[in-house]
Structure formats: C-alpha cells, structure tokens
>>> print(open('start29.txt').read())   # compact mmCIF, C-alpha atoms
# COMPACT_ATOMS: atom_id res chain seq x y z
CA MET Q 1 28.05 135.60 164.04
CA ASP Q 2 28.72 138.00 161.18
CA HIS Q 3 30.87 136.00 158.78
CA GLU Q 4 31.59 138.92 156.54
CA ALA Q 5 32.75 141.09 159.42
CA LEU Q 6 35.09 138.34 160.62
CA THR Q 7 36.68 137.77 157.22
CA LEU Q 8 36.96 141.53 156.75
CA GLU Q 9 38.89 141.82 160.02
CA MET Q 10 41.24 139.02 158.99
CA ARG Q 11 41.88 140.50 155.58
CA SER Q 12 42.31 144.02 156.87
CA LEU Q 13 44.89 142.88 159.41
CA ARG Q 14 46.82 141.20 156.61
CA GLU Q 15 46.75 144.34 154.53
CA GLN Q 16 47.58 146.56 157.48
CA VAL Q 17 50.79 144.79 158.50
CA THR Q 18 53.26 144.02 155.73
CA GLY Q 19 54.56 140.47 155.96
CA ILE Q 20 51.49 138.68 157.31
CA THR Q 21 51.08 135.57 155.19
CA ASP Q 22 48.25 133.67 156.89
CA THR Q 23 45.62 134.19 159.58
CA ALA Q 24 43.19 131.87 161.34
CA VAL Q 25 40.58 132.15 164.08
CA ALA Q 26 39.64 129.16 166.22
CA ALA Q 27 37.75 128.35 169.39
CA CYS Q 28 39.91 128.08 172.47
CA ASP Q 29 39.70 124.29 172.36
CA GLY Q 30 41.29 124.27 168.92
CA LEU Q 31 38.19 123.95 166.73
CA LEU Q 32 38.74 126.00 163.57
CA ILE Q 33 36.29 128.83 162.84
CA ALA Q 34 37.89 130.60 159.86
CA ALA Q 35 41.20 130.35 158.03
CA ASP Q 36 42.87 132.54 155.45
CA THR Q 37 45.81 130.23 154.89
CA ALA Q 38 47.91 128.98 151.99
CA ASN Q 39 47.23 125.52 150.60
CA SER Q 40 50.47 124.25 152.10
CA ILE Q 41 49.12 124.76 155.63
CA ASP Q 42 46.59 122.48 157.30
CA PRO Q 43 44.34 124.98 159.09
CA GLU Q 44 42.69 122.41 161.36
CA GLY Q 45 46.07 121.19 162.57
CA LEU Q 46 47.28 124.77 162.98
CA ALA Q 47 44.24 125.63 165.13
CA ALA Q 48 44.85 122.61 167.34
CA LEU Q 49 48.54 123.49 167.69
CA ALA Q 50 47.67 127.08 168.59
CA ALA Q 51 45.22 125.96 171.27
CA ALA Q 52 47.80 123.62 172.76
CA GLY Q 53 50.55 126.26 172.49
CA LEU Q 54 48.49 128.95 174.17
CA GLY Q 55 47.44 126.56 176.93
CA LEU Q 56 51.04 125.63 177.60
CA ALA Q 57 52.14 129.27 177.53
CA ARG Q 58 49.37 130.27 179.94
CA ARG Q 59 50.38 127.54 182.38
CA THR Q 60 54.02 128.57 182.03
CA ALA Q 61 53.17 132.21 182.74
CA GLN Q 62 51.25 131.14 185.85
CA ALA Q 63 53.91 128.74 187.09
CA THR Q 64 56.65 131.33 186.68
CA ALA Q 65 54.63 134.29 188.02
CA ARG Q 66 54.89 136.18 184.69
CA GLY Q 67 51.42 137.66 185.00
CA THR Q 68 48.71 137.55 182.35
CA LEU Q 69 49.69 135.90 179.10
CA ARG Q 70 49.79 138.32 176.18
CA GLN Q 71 50.81 136.19 173.22
CA THR Q 72 53.19 133.51 172.14
CA VAL Q 73 55.51 133.98 169.18
CA THR Q 74 57.49 131.16 167.60
CA TYR Q 75 60.46 132.40 165.58
CA GLY Q 76 61.90 130.38 162.74
CA SER Q 77 64.46 131.12 160.07
CA HIS Q 78 61.64 131.74 157.57
CA GLY Q 79 59.37 133.87 159.74
CA CYS Q 80 57.25 133.59 162.83
CA ALA Q 81 53.93 132.28 164.12
CA ALA Q 82 52.03 134.36 166.70
CA PHE Q 83 49.15 133.00 168.79
CA TYR Q 84 46.80 135.42 170.54
CA ALA Q 85 43.96 134.67 172.93
CA VAL Q 86 40.66 136.29 171.94
CA GLY Q 87 39.08 136.76 175.36
CA ASP Q 88 38.79 133.39 177.06
CA THR Q 89 36.77 131.70 174.35
CA ALA Q 90 38.77 131.87 171.14
CA LEU Q 91 42.21 132.43 169.67
CA MET Q 92 43.82 133.95 166.63
CA VAL Q 93 46.84 132.75 164.69
CA VAL Q 94 48.97 135.08 162.60
CA LEU Q 95 51.81 133.77 160.45
CA GLY Q 96 54.36 136.14 158.98
CA ASP Q 97 57.52 135.96 156.92
CA GLU Q 98 60.96 137.35 157.76
CA GLY Q 99 59.94 140.85 156.75
CA MET Q 100 57.11 141.20 159.23
CA ASP Q 101 57.68 143.76 161.99
CA VAL Q 102 56.52 141.84 165.06
CA ASP Q 103 56.15 144.97 167.23
CA ARG Q 104 53.94 146.51 164.59
CA LEU Q 105 51.96 143.28 164.42
CA HIS Q 106 51.28 143.33 168.18
CA GLN Q 107 50.25 146.96 167.94
CA ALA Q 108 47.83 146.33 165.08
CA THR Q 109 46.49 143.10 166.54
CA GLN Q 110 45.20 144.41 169.87
CA PRO Q 111 42.25 146.44 168.50
CA ALA Q 112 41.55 143.68 165.96
CA LEU Q 113 41.35 141.11 168.78
CA ASP Q 114 38.71 143.19 170.58
CA ARG Q 115 36.63 143.50 167.43
CA ILE Q 116 36.98 139.80 166.56
CA GLY Q 117 35.96 138.92 170.12
CA SER Q 118 32.82 141.04 169.76
CA ILE Q 119 32.01 139.46 166.39
CA LEU Q 120 32.39 135.94 167.76
CA MET Q 121 30.31 136.66 170.85
CA ALA Q 122 27.55 138.53 169.01
CA LYS Q 123 25.27 135.55 168.40
CA GLN Q 124 26.56 133.33 171.15
CA PRO Q 125 26.43 135.09 174.48
CA GLU Q 126 27.19 131.83 176.27
CA GLY Q 127 30.52 131.45 174.44
CA VAL Q 128 31.79 130.06 171.18
CA MET D 129 64.65 163.78 138.70
CA SER D 130 61.51 165.70 139.54
CA GLY D 131 59.99 164.93 136.14
CA ILE D 132 60.37 161.19 136.63
CA ARG D 133 59.20 161.49 140.20
CA GLU D 134 56.04 163.34 139.33
CA GLY D 135 55.25 160.91 136.53
CA VAL D 136 55.72 157.90 138.77
CA ARG D 137 53.66 159.48 141.50
CA ASP D 138 50.83 160.02 139.13
CA SER D 139 50.76 156.49 137.76
CA LEU D 140 51.33 154.64 141.02
CA GLY D 141 49.54 157.02 143.33
CA ARG D 142 52.30 157.34 145.87
CA VAL D 143 51.65 159.36 148.97
CA GLY D 144 54.20 161.19 151.08
CA TYR D 145 57.17 160.68 148.80
CA ASP D 146 58.18 164.33 149.12
CA LEU D 147 58.65 163.89 152.86
CA LEU D 148 61.17 161.14 152.27
CA ALA D 149 63.00 162.91 149.45
CA GLN D 150 63.32 166.07 151.54
CA ALA D 151 64.48 164.22 154.66
CA LEU D 152 67.14 162.25 152.77
CA ALA D 153 68.34 165.39 151.01
CA ASP D 154 68.63 167.17 154.38
CA CYS D 155 70.58 164.24 155.82
CA GLY D 156 72.99 164.35 152.90
CA ARG D 157 73.47 168.10 153.21
CA ASP D 158 73.99 167.94 157.00
CA GLY D 159 76.41 165.02 156.80
CA TYR D 160 74.05 163.25 159.20
CA THR D 161 75.11 160.07 161.02
CA GLY D 162 72.35 157.92 162.49
CA GLY D 163 69.06 156.32 161.58
CA LEU D 164 66.15 157.64 159.55
CA ARG D 165 62.87 155.93 160.38
CA VAL D 166 60.19 155.90 157.68
CA SER D 167 56.67 155.14 158.90
CA GLY D 168 54.12 154.04 156.37
CA SER D 169 53.34 151.04 154.28
CA PRO D 170 55.61 149.13 154.03
CA GLY D 171 57.87 151.79 155.57
CA GLY D 172 61.33 150.92 156.79
CA GLY D 173 64.48 152.70 157.75
CA PHE D 174 67.80 154.04 156.50
CA ARG D 175 71.14 154.10 158.28
CA LEU D 176 73.46 156.94 157.34
CA ARG D 177 77.10 157.80 158.01
CA ASN D 178 78.32 161.29 157.23
CA GLY D 179 75.34 161.86 155.00
CA LEU D 180 75.81 158.65 153.01
CA VAL D 181 73.36 155.76 153.19
CA ILE D 182 75.11 152.65 154.51
CA GLY D 183 72.06 150.52 155.23
CA ALA D 184 68.36 150.25 154.45
CA GLU D 185 65.71 147.86 155.67
CA SER D 186 62.04 147.47 154.90
CA PRO D 187 59.34 144.90 155.55
CA GLY D 188 58.65 145.30 151.83
CA ALA D 189 61.92 143.76 150.64
CA PRO D 190 63.91 140.67 151.67
CA GLY D 191 67.04 141.52 153.64
CA PRO D 192 70.40 139.86 153.01
CA GLU D 193 69.59 137.10 155.52
CA ALA D 194 66.33 136.20 153.77
CA LEU D 195 68.07 136.32 150.37
CA LEU D 196 70.72 133.85 151.54
CA LEU D 197 68.39 131.52 153.45
CA ARG D 198 65.37 131.46 151.14
CA SER D 199 67.45 130.90 148.04
CA GLY D 200 68.98 127.86 149.73
CA ARG D 201 72.54 129.18 149.57
CA VAL D 202 72.79 128.83 153.35
CA SER D 203 70.64 126.45 155.41
CA GLY D 204 68.89 127.45 158.61
CA GLU D 205 71.21 125.27 160.69
CA GLN D 206 74.33 126.69 159.06
CA TRP D 207 73.06 130.21 159.69
CA ALA D 208 72.34 129.41 163.34
CA ASP D 209 75.87 127.98 163.73
CA ALA D 210 77.39 131.09 162.14
CA VAL D 211 75.39 133.37 164.45
CA ARG D 212 76.56 131.34 167.46
CA GLU D 213 80.18 131.55 166.34
CA SER D 214 79.81 135.31 165.90
CA GLY D 215 78.53 135.78 169.42
CA GLY D 216 74.93 136.38 168.37
CA ALA D 217 75.69 138.91 165.63
CA ARG D 218 72.77 139.76 163.37
CA TRP D 219 74.91 139.54 160.27
CA PRO D 220 77.57 136.85 160.83
CA ALA D 221 79.59 137.68 157.72
CA GLU D 222 82.98 136.58 159.02
CA ALA D 223 81.69 133.22 160.25
CA LEU D 224 79.93 132.61 156.92
CA ILE D 225 83.17 133.31 155.04
CA ALA D 226 85.31 131.27 157.47
CA GLY D 227 82.89 128.35 157.18
CA GLY D 228 83.09 128.44 153.38
CA LEU D 229 79.35 129.13 153.14
CA ALA D 230 79.72 132.36 151.18
CA GLY D 231 82.47 134.43 149.64
CA ALA D 232 83.31 137.92 150.83
CA ALA D 233 82.47 139.38 147.41
CA GLU D 234 79.19 137.48 147.30
CA LEU D 235 78.17 138.87 150.68
CA ARG D 236 79.07 142.39 149.58
CA VAL D 237 76.92 142.01 146.47
CA VAL D 238 74.01 140.61 148.48
CA THR D 239 74.12 143.46 151.02
CA VAL D 240 74.29 146.17 148.33
CA MET D 241 71.44 144.52 146.41
CA ALA D 242 69.35 144.30 149.57
CA LEU D 243 70.02 147.98 150.35
CA HIS D 244 68.83 149.09 146.90
CA ASP D 245 65.87 146.73 147.04
CA ALA D 246 64.77 148.08 150.44
CA ALA D 247 65.05 151.63 149.11
CA PHE D 248 62.89 150.62 146.13
CA ALA D 249 60.24 149.09 148.42
CA ILE D 250 60.14 152.18 150.67
CA VAL D 251 59.99 154.59 147.73
CA ALA D 252 57.29 152.52 145.98
CA GLY D 253 55.10 152.46 149.09
CA GLN D 254 53.24 155.00 151.14
CA VAL D 255 55.22 157.31 153.40
CA ASP D 256 53.33 158.63 156.43
CA GLY D 257 56.22 160.27 158.20
CA VAL D 258 60.01 160.44 158.44
CA GLU D 259 61.98 161.02 161.62
CA ARG D 260 65.63 160.96 162.54
CA ASP D 261 66.74 158.45 165.13
CA ASP D 262 70.22 159.54 166.17
CA ARG D 263 70.44 157.67 169.43
CA ALA D 264 74.00 156.73 170.24
CA GLY D 265 75.02 153.13 169.82
CA PRO D 266 76.23 150.68 167.27
CA PRO D 267 74.39 150.62 163.95
CA ASP D 268 71.53 148.18 164.02
CA GLY D 269 71.26 145.92 161.02
CA VAL D 270 73.41 145.16 158.04
CA THR D 271 75.53 147.95 156.63
CA VAL D 272 77.73 148.29 153.59
CA SER D 273 81.32 149.52 153.81
CA VAL D 274 81.01 152.17 151.09
CA GLY D 275 78.05 154.46 151.56
CA GLU D 276 75.67 155.49 148.82
CA GLY D 277 74.66 159.07 148.14
CA SER D 278 71.05 159.54 149.19
CA LEU D 279 70.15 161.41 146.00
CA ARG D 280 71.64 158.71 143.81
CA LEU D 281 69.83 156.01 145.80
CA LEU D 282 66.50 157.77 145.37
CA GLN D 283 67.14 158.29 141.67
CA ASP D 284 67.88 154.60 141.27
CA ALA D 285 64.67 153.63 143.09
CA ASN D 286 62.63 156.08 141.02
CA ARG D 287 64.15 154.84 137.79
CA LYS D 288 63.13 151.28 138.69
CA LEU D 289 59.65 152.39 139.65
CA ALA D 290 59.27 154.26 136.37
CA ALA D 291 60.46 151.17 134.49
CA VAL D 292 57.79 149.02 136.18
CA ALA D 293 55.13 151.66 135.54
CA ALA D 294 56.07 151.74 131.86
CA LEU D 295 55.39 148.01 131.37
CA PRO D 296 52.13 147.04 129.62
CA HIS D 297 50.82 145.49 132.85
CA PRO D 298 52.29 147.61 135.64
CA VAL D 299 52.33 145.92 139.01
CA HIS D 300 52.76 147.37 142.46
CA PRO D 301 54.86 145.24 144.82
CA ASP D 302 52.09 145.26 147.45
CA ARG D 303 48.90 145.39 145.43
CA GLU D 304 48.22 142.68 142.81
CA ARG D 305 47.72 139.09 143.95
CA PRO D 306 48.13 137.03 140.77
CA ARG D 307 47.30 133.39 140.10
CA PRO D 308 48.51 131.07 137.32
CA GLY D 309 47.11 131.83 133.89
CA ARG D 310 47.50 129.89 130.67
CA PRO D 311 49.87 126.90 130.72
CA ALA D 312 53.24 127.34 129.03
CA GLU D 313 56.01 124.93 128.14
CA ARG D 314 59.26 126.87 128.11
CA LEU D 315 59.67 128.66 131.39
CA THR D 316 62.66 130.11 133.19
CA SER D 317 63.43 128.88 136.70
CA LEU D 318 62.12 132.15 138.16
CA GLN D 319 58.88 131.86 136.19
CA THR D 320 58.39 128.27 137.32
CA GLU D 321 59.00 129.29 140.91
CA LEU D 322 56.57 132.20 140.71
CA LEU D 323 53.90 130.01 139.12
CA THR D 324 54.32 127.50 141.94
CA HIS D 325 53.76 130.12 144.62
CA ALA D 326 51.26 132.47 142.96
CA ASP D 327 47.95 131.38 144.46
CA GLY D 328 45.83 134.52 144.25
CA ARG D 329 46.73 135.45 147.84
CA ARG D 330 50.32 136.60 147.43
CA THR D 331 51.68 139.89 146.18
CA ALA D 332 54.95 140.37 144.28
CA ARG D 333 56.52 141.28 147.62
CA ASP D 334 55.31 137.98 149.19
CA LEU D 335 56.62 136.05 146.19
CA ALA D 336 59.99 137.78 146.49
CA PHE D 337 60.35 136.60 150.09
CA LEU D 338 59.26 133.06 149.20
CA SER D 339 61.69 132.74 146.33
CA GLY D 340 64.59 134.57 148.00
CA ARG D 341 64.92 137.18 145.27
CA GLY D 342 64.77 140.93 145.17
CA VAL D 343 61.33 142.51 145.23
CA TYR D 344 62.16 144.64 142.18
CA THR D 345 63.21 141.58 140.16
CA VAL D 346 60.05 139.71 141.11
CA THR D 347 57.78 142.72 140.51
CA VAL D 348 59.15 143.14 136.98
CA GLU D 349 58.82 139.41 136.27
CA VAL D 350 55.24 139.31 137.60
CA ALA D 351 54.36 142.29 135.39
CA ARG D 352 55.88 140.56 132.35
CA MET D 353 54.11 137.28 133.12
CA LEU D 354 50.81 139.13 133.47
CA GLY D 355 51.47 140.65 130.06
CA GLU D 356 52.16 137.22 128.56
CA GLY D 357 49.13 135.67 130.20
CA LEU D 358 51.21 133.28 132.31
CA LEU D 359 49.72 134.95 135.37
CA GLU D 360 46.35 136.61 135.77
CA CYS D 361 44.70 138.72 138.41
CA GLY D 362 41.29 137.68 139.65
CA GLU D 363 38.59 140.22 140.32
CA ALA D 364 38.04 139.27 143.93
CA PRO D 365 40.27 137.47 146.42
CA PRO D 366 39.31 133.87 147.16
CA PRO D 367 36.69 133.70 149.93
CA ILE D 368 37.66 132.74 153.46
CA PRO D 369 35.60 129.74 154.55
CA VAL D 370 33.93 130.30 157.94
CA ARG D 371 32.65 127.43 160.03
CA VAL D 372 29.17 128.11 161.37
CA PRO D 373 29.20 127.54 165.11
CA GLU D 374 25.39 127.14 165.21
CA ALA D 375 25.44 124.25 162.74
CA THR D 376 28.43 122.57 164.25
CA PRO D 377 28.45 123.57 167.88
CA VAL D 378 31.82 123.83 169.52
CA ARG D 379 32.42 120.95 171.83
CA HIS D 380 35.35 119.63 173.65
CA ARG D 381 37.35 116.95 171.99
CA GLU D 382 36.12 113.43 172.69
CA PRO D 383 38.20 111.77 175.36
CA PRO D 384 40.29 108.87 174.14
CA PRO D 385 38.79 105.39 174.72
CA PRO D 386 39.82 103.85 178.03
CA PRO D 387 42.70 101.43 177.75
CA PRO D 388 41.70 97.73 177.79
CA PRO D 389 41.77 96.19 181.26
CA PRO D 390 45.00 94.35 181.96
CA GLU D 391 44.77 90.64 181.71
CA PRO D 392 44.64 88.92 185.14
CA ILE D 393 47.92 87.36 186.16
CA HIS D 394 47.54 83.73 187.18
CA THR D 395 49.02 83.29 190.58
CA PRO D 396 49.36 79.60 191.61
CA VAL D 397 48.16 78.76 195.07
CA THR D 398 51.22 76.59 195.86
CA LEU D 399 54.71 76.90 194.43
CA PRO D 400 55.69 74.09 192.04
CA ARG D 401 58.05 71.53 193.48
CA ARG D 402 60.83 69.91 191.51
CA VAL D 403 60.70 66.17 191.32
CA PRO D 404 64.12 64.44 190.93
CA GLY D 405 64.38 62.64 187.64
CA ALA D 406 61.22 64.22 186.27
CA SER D 407 63.00 65.58 183.17
CA GLY D 408 64.42 62.13 182.30
CA MET D 409 67.86 63.67 181.64
CA SER D 410 69.65 61.53 184.23
CA ALA D 411 68.23 58.27 182.87
CA GLY D 412 71.14 57.64 180.42
CA LEU D 413 73.98 58.74 182.76
CA PRO D 414 76.20 56.14 184.44
CA PRO D 415 75.50 55.67 188.13
CA GLU D 416 77.63 57.85 190.38
CA LYS D 417 80.32 56.05 192.39
CA PRO D 418 79.27 55.71 195.97
CA GLY D 419 81.21 58.02 198.28
CA GLY D 420 82.82 60.05 195.46
CA SER D 421 81.36 63.29 196.67
CA TRP D 422 82.69 62.81 200.19
CA ARG D 423 86.24 62.39 198.90
CA GLY D 424 85.99 65.66 197.02
CA PHE D 425 84.68 67.39 200.12
CA PHE D 426 87.71 66.32 202.20
CA ARG D 427 90.11 67.33 199.42
CA LEU D 428 88.70 70.84 199.41
CA ARG D 429 88.72 71.09 203.19
CA ASN D 430 92.37 70.00 203.64
CA GLY D 431 93.67 71.84 200.54
CA THR D 432 95.53 68.75 199.27
CA ALA D 433 96.25 68.14 195.64
CA ARG D 434 94.79 65.09 193.97
>>> encode(input="start29.txt", output="structure tokens")
Amino acid sequence: MDHEALTLEMRSLREQVTGITDTAVAACDGLLIAADTANSIDPEGLAALAAAGLGLARRTAQATARGTLRQTVTYGSHGCAAFYAVGDTALMVVLGDEGMDVDRLHQATQPALDRIGSILMAKQPEGV
Amino acid sequence: MSGIREGVRDSLGRVGYDLLAQALADCGRDGYTGGLRVSGSPGGGFRLRNGLVIGAESPGAPGPEALLLRSGRVSGEQWADAVRESGGARWPAEALIAGGLAGAAELRVVTVMALHDAAFAIVAGQVDGVERDDRAGPPDGVTVSVGEGSLRLLQDANRKLAAVAALPHPVHPDRERPRPGRPAERLTSLQTELLTHADGRRTARDLAFLSGRGVYTVTVEVARMLGEGLLECGEAPPPIPVRVPEATPVRHREPPPPPPPPEPIHTPVTLPRRVPGASGMSAGLPPEKPGGSWRGFFRLRNGTAR
C-alpha cells in the first residue's frame, strides 16, 4: 500500500471541500488504517463506530428495499459525520462543520473513494 | 475601488474576482430579484431583492445559526425546540425571541454581521463562476429586512481584505494552519480560545467556526498573533499516521469469551415434609381446650352470635 498516496488523497479531499475537519480510513471491520483527526477525537473508536454504523445502514437499506447503500450522514448542531464504504473491504469517515456543503462533499468524495480503494487494494489483492 | 481591488488581488492572488464584481453590478443595475450562485473555493451565494443584497451564505464563514450556537448563546436543544415551534423554519427568529433566548435587535445584528462575513469569505476566495438562480419560490436561507447595495457590500469586503493584507503577517482565511507559539501571560478571551484550538491543522476559517465568531475577526486576530509570536506556522502539516496492514494484518475482532456455565440447580428427589412441632414454637403455648374448634365451626355454620 502506498502510504503517501493515501495521505495525499485524504489531505486533498480536505482542501477540496471547505468545512471538512477530519478524515479517517479504516478496514470494513473497524480496524483503523489512517486518521487525519483532531486530538479531541479518538480515531480507533471513530473507525469502530463507522463500521458499526455502515453495517446497520446496509442492513436497513436491505430490509426496507432501499437499494444499494450510498453513505450515511449523521447531522448534529455542530456539523455532520459521513461514512462511506470503500468497495466491500474498507470505509472512509469524513467529519465536517456547519459550513460544509454536504452535496459538494458527496460529489468530491466519489472519485476519491475509487482512488482510495485502488490504493488500499494495490498490495493486498485478497483484501485489506 | 478598482485601485484597492487590484492591490488586494496582487497580494492575495485572488482568481475570478472580476466575474463576481461584474455579476453583482449587473444585478444591482437590473434591479434583480433572486439568487446568485458563486462556484469556487469557498464559494457561496447571494440573495437579492430589487437589486439589493438581502442575504449571503458561504461555507467559508459561519452563518447566524453557527454564530448563536457555537458561541453558547443558544444551546442545541433550545435551537431544536425553536425550530419545532416555528414549523421547521431554518431561521426560527420569532420563536427565539418569544422564548427569551435572543433579542430582536441582537438577531438583526447577528444576521447583518453574518451577511458581511459571508461576502468577505466569498470575495477573499477563488471564484470559478457566477450564475443567476431566479427560480420562483421563497428565499432560501436567512435574509435581512433592509437590503445592502451590492457595490457597497463589495467595497466593504475589499476594504477588510486590504486591511488584512496590510498587516505584518497577512493571513488568508483558508490557507495558514497555525499552532501555538511562545507562551504569554496576559491574553484576551479570543486569544485564549484561538490558542486552545490552533493545532496546526486548522485555518482561520476553521477557528472561526469553532469559536462562533466572524471569519474576518478571527483572521485579523490570527494575523496579529502570528506577528506577536503567540502563534506560528509550521513548514509542513503534521504527518498522518498510517497503519501498515502487512505488519498488523487485519483480522476480525476476537469473539467475547463464552459466559460461564450456569450453576446446576439442586433438585431434591422427594419434597420435604413438615413435621408438627419441629420448630419448637408450640412448646410454650397452653394446651388447646378440647372441642373448642368444633364449637367455632357450628357457630359459623348457623350464623349465631357468640
């Protein structure tokens, strides 16, 4: 796995979309791979929460016939937390403040997810 | 105005400002009513009525809601209650006033400040394109009752930008990511707050959202603190630690240990039988009169009083 390429993707997403405060990439079972987070956030716990949240959302989408899960977004009074699946092996967390344009985030995230998926799978064809 | 504009453009390297200035001037001349969408970084949007700007929003500046909530003047629960009372309105001004959470004048000041701050953030950033959005419908977002002339609004934003650029350590709202510098004893509340949050990852714009203050105010303060050495800018951003999957292969979480087996419940083979007098309680009682119980039985049966 190309560490530099991964961190570059995470940083560039943050610079591309105004309002992103933190990003993290984890394996789909919640094991943290990389985190660009503030000291106030526990990245390991965040990765575990994201894995659980995405799993629950995927089951909900199936149970309610909503099709393929795209992302989950948790809105709070101080911003939002978005969880994206990276293929079926990993996930990405993006935290943003009140100013972040969530539509713009989704738009910018899709190509980044493809690239991050390729980076993660590069050295591990059997899965992360 | 053009002199200031050109100077600011040179020092801060703005791109596409002319597009915005021209579009706003056209709107003012046409007496345009509707939205004006500004794409770029941070970009944003203006809302105009009869050529006057009545609202502005940008991801680069905290809106009135963020200013009220982040500064602690209104709590998240109180805001949610006010929105519910207002039937889901985005800006529940009347409910906030009725609930005694904010005064009408205070809300007016906050909305005007947020409008100017959003204009500053848009003007300070990069403008990729400007397009009118005059779809019919109610105005989206917070608006002020008295509109602002677009030229005056731009002049105000440019004046602020020129003021920041003229400081010894000019700062762009979206560029520098300062960290604490030398320790100091006498600090204002804003300086203390900025020192708490400045971690080398956050820009002046991020710090403005965190502290619930205008992005212009925070940008100026960050520039001053950089000048005084209270803040400093590192050469490179802090590295992002990456876990090496080869060294620590991903595995599923260990299952929890099985619960201990329940203790076997002793089931007696035969039920215990009560033995009269086994407790010894009746040993000290006087002997019951013979036949007493039979008399009571007949009294009950015939319903006679004693």
>>> closest_atom_pairs(input="start29.txt", of="chain Q", to="chain D", cutoff="7 Å", atoms="only C-alpha atoms", output="CSV")
residue,atom,partner,partner_atom,distance
Q:His3,CA,D:Val370,CA,6.5
Q:Thr7,CA,D:Ile368,CA,6.4
Q:Thr18,CA,D:Pro170,CA,5.9
Q:Gly19,CA,D:Pro187,CA,6.5
Q:Asp29,CA,D:His380,CA,6.5
Q:Leu31,CA,D:Val378,CA,7.0
Q:Ile33,CA,D:Arg371,CA,4.8
Q:Ala34,CA,D:Val370,CA,4.4
Q:Ala35,CA,D:Ile368,CA,6.3
Q:Asp36,CA,D:Ile368,CA,5.6
Q:Ser77,CA,D:Gly204,CA,5.9
Q:Glu98,CA,D:Ala194,CA,6.8
Q:Gly99,CA,D:Pro187,CA,4.3
Q:Met100,CA,D:Pro187,CA,5.7
Q:Asp101,CA,D:Pro187,CA,6.7
Q:Val128,CA,D:Val378,CA,6.4
>>> write_last_selection(input="start29.txt", atoms="C-alpha atoms", output="PDB file, in the coordinates of the input")
ATOM      1  CA  HIS Q   3      30.870 136.000 158.780  1.00  0.00           C
ATOM      2  CA  THR Q   7      36.680 137.770 157.220  1.00  0.00           C
ATOM      3  CA  THR Q  18      53.260 144.020 155.730  1.00  0.00           C
ATOM      4  CA  GLY Q  19      54.560 140.470 155.960  1.00  0.00           C
ATOM      5  CA  ASP Q  29      39.700 124.290 172.360  1.00  0.00           C
ATOM      6  CA  LEU Q  31      38.190 123.950 166.730  1.00  0.00           C
ATOM      7  CA  ILE Q  33      36.290 128.830 162.840  1.00  0.00           C
ATOM      8  CA  ALA Q  34      37.890 130.600 159.860  1.00  0.00           C
ATOM      9  CA  ALA Q  35      41.200 130.350 158.030  1.00  0.00           C
ATOM     10  CA  ASP Q  36      42.870 132.540 155.450  1.00  0.00           C
ATOM     11  CA  SER Q  77      64.460 131.120 160.070  1.00  0.00           C
ATOM     12  CA  GLU Q  98      60.960 137.350 157.760  1.00  0.00           C
ATOM     13  CA  GLY Q  99      59.940 140.850 156.750  1.00  0.00           C
ATOM     14  CA  MET Q 100      57.110 141.200 159.230  1.00  0.00           C
ATOM     15  CA  ASP Q 101      57.680 143.760 161.990  1.00  0.00           C
ATOM     16  CA  VAL Q 128      31.790 130.060 171.180  1.00  0.00           C
TER      17      VAL Q 128
END
>>> residues_around(input="start29.txt", residues="D:Ala210", least_positions_apart="5", cutoff="8 Å", atoms="all atoms listed in the file", output="number ranges by chain")
D: 220, 223-224, 227
>>> atom_distance(input="start29.txt", atom1="atom CA of D:Glu321", atom2="atom CA of Q:Ala38")
15.7 Å
>>> atom_distance(input="start29.txt", atom1="atom CA of Q:Gly53", atom2="atom CA of Q:Ala112")
20.7 Å
>>> closest_residue(input="start29.txt", among="Q:His78, Q:Arg11, Q:Arg58, Q:Arg70", to="Q:Gln107", atoms="only C-alpha atoms")
Q:Arg70
>>> atom_distance(input="start29.txt", atom1="atom CA of D:Tyr145", atom2="atom CA of Q:Leu13")
24.1 Å
>>> closest_residue(input="start29.txt", among="D:Ala312, D:Val202, D:Ala153, D:Ala326", to="Q:Asn39", atoms="only C-alpha atoms")
D:Ala326
>>> residues_around(input="start29.txt", residues="stretch 231-243 of chain D", least_positions_apart="3", cutoff="7 Å", atoms="all atoms listed in the file", output="list in words")
Gly183, Ala184, Glu185, Pro190, Gly191, Pro192, Ile225, Ala246, Ala247 and Val272 of chain D
>>> residues_around(input="start29.txt", residues="Q:Gln71", least_positions_apart="4", cutoff="7 Å", atoms="only C-alpha atoms", output="ChimeraX atom specification")
/Q:82-84
>>> residues_around(input="start29.txt", residues="Q:Arg104", least_positions_apart="5", cutoff="10 Å", atoms="all atoms listed in the file", output="list in words")
Gln16, Val17, Thr18 and Thr109 of chain Q
>>> decode(input="start29.txt", residues="stretch 178-191 of chain D", atoms="N, CA and C atoms", output="CSV table (one decimal), in the first residue's frame")
chain,number,residue,atom,x,y,z
D,178,ASN,N,-34.8,43.3,-5.6
D,178,ASN,CA,-34.7,44.6,-6.3
D,178,ASN,C,-33.3,45.1,-6.4
D,179,GLY,N,-32.4,44.3,-6.7
D,179,GLY,CA,-31.0,44.7,-6.9
D,179,GLY,C,-30.2,44.9,-5.6
D,180,LEU,N,-30.9,44.7,-4.4
D,180,LEU,CA,-30.2,44.9,-3.1
D,180,LEU,C,-29.9,43.5,-2.5
D,181,VAL,N,-28.8,43.3,-1.9
D,181,VAL,CA,-28.4,42.1,-1.3
D,181,VAL,C,-29.1,41.9,0.0
D,182,ILE,N,-29.9,40.9,0.2
D,182,ILE,CA,-30.6,40.7,1.4
D,182,ILE,C,-30.1,39.5,2.2
D,183,GLY,N,-29.2,38.7,1.5
D,183,GLY,CA,-28.7,37.5,2.2
D,183,GLY,C,-27.4,37.0,1.5
D,184,ALA,N,-26.5,36.5,2.3
D,184,ALA,CA,-25.3,35.9,1.7
D,184,ALA,C,-24.9,34.7,2.6
D,185,GLU,N,-24.5,33.6,1.9
D,185,GLU,CA,-24.0,32.5,2.7
D,185,GLU,C,-22.8,31.9,2.0
D,186,SER,N,-21.9,31.4,2.8
D,186,SER,CA,-20.7,30.8,2.3
D,186,SER,C,-20.2,29.7,3.2
D,187,PRO,N,-19.7,28.6,2.7
D,187,PRO,CA,-19.0,27.6,3.6
D,187,PRO,C,-17.8,28.2,4.2
D,188,GLY,N,-17.4,29.4,3.8
D,188,GLY,CA,-16.2,30.0,4.4
D,188,GLY,C,-16.4,30.9,5.6
D,189,ALA,N,-17.7,31.1,5.9
D,189,ALA,CA,-18.0,31.9,7.1
D,189,ALA,C,-19.2,31.4,7.9
D,190,PRO,N,-19.1,31.4,9.2
D,190,PRO,CA,-20.2,30.9,10.0
D,190,PRO,C,-21.5,31.7,9.8
D,191,GLY,N,-22.6,31.0,9.6
D,191,GLY,CA,-23.9,31.7,9.4
D,191,GLY,C,-24.4,32.1,10.8
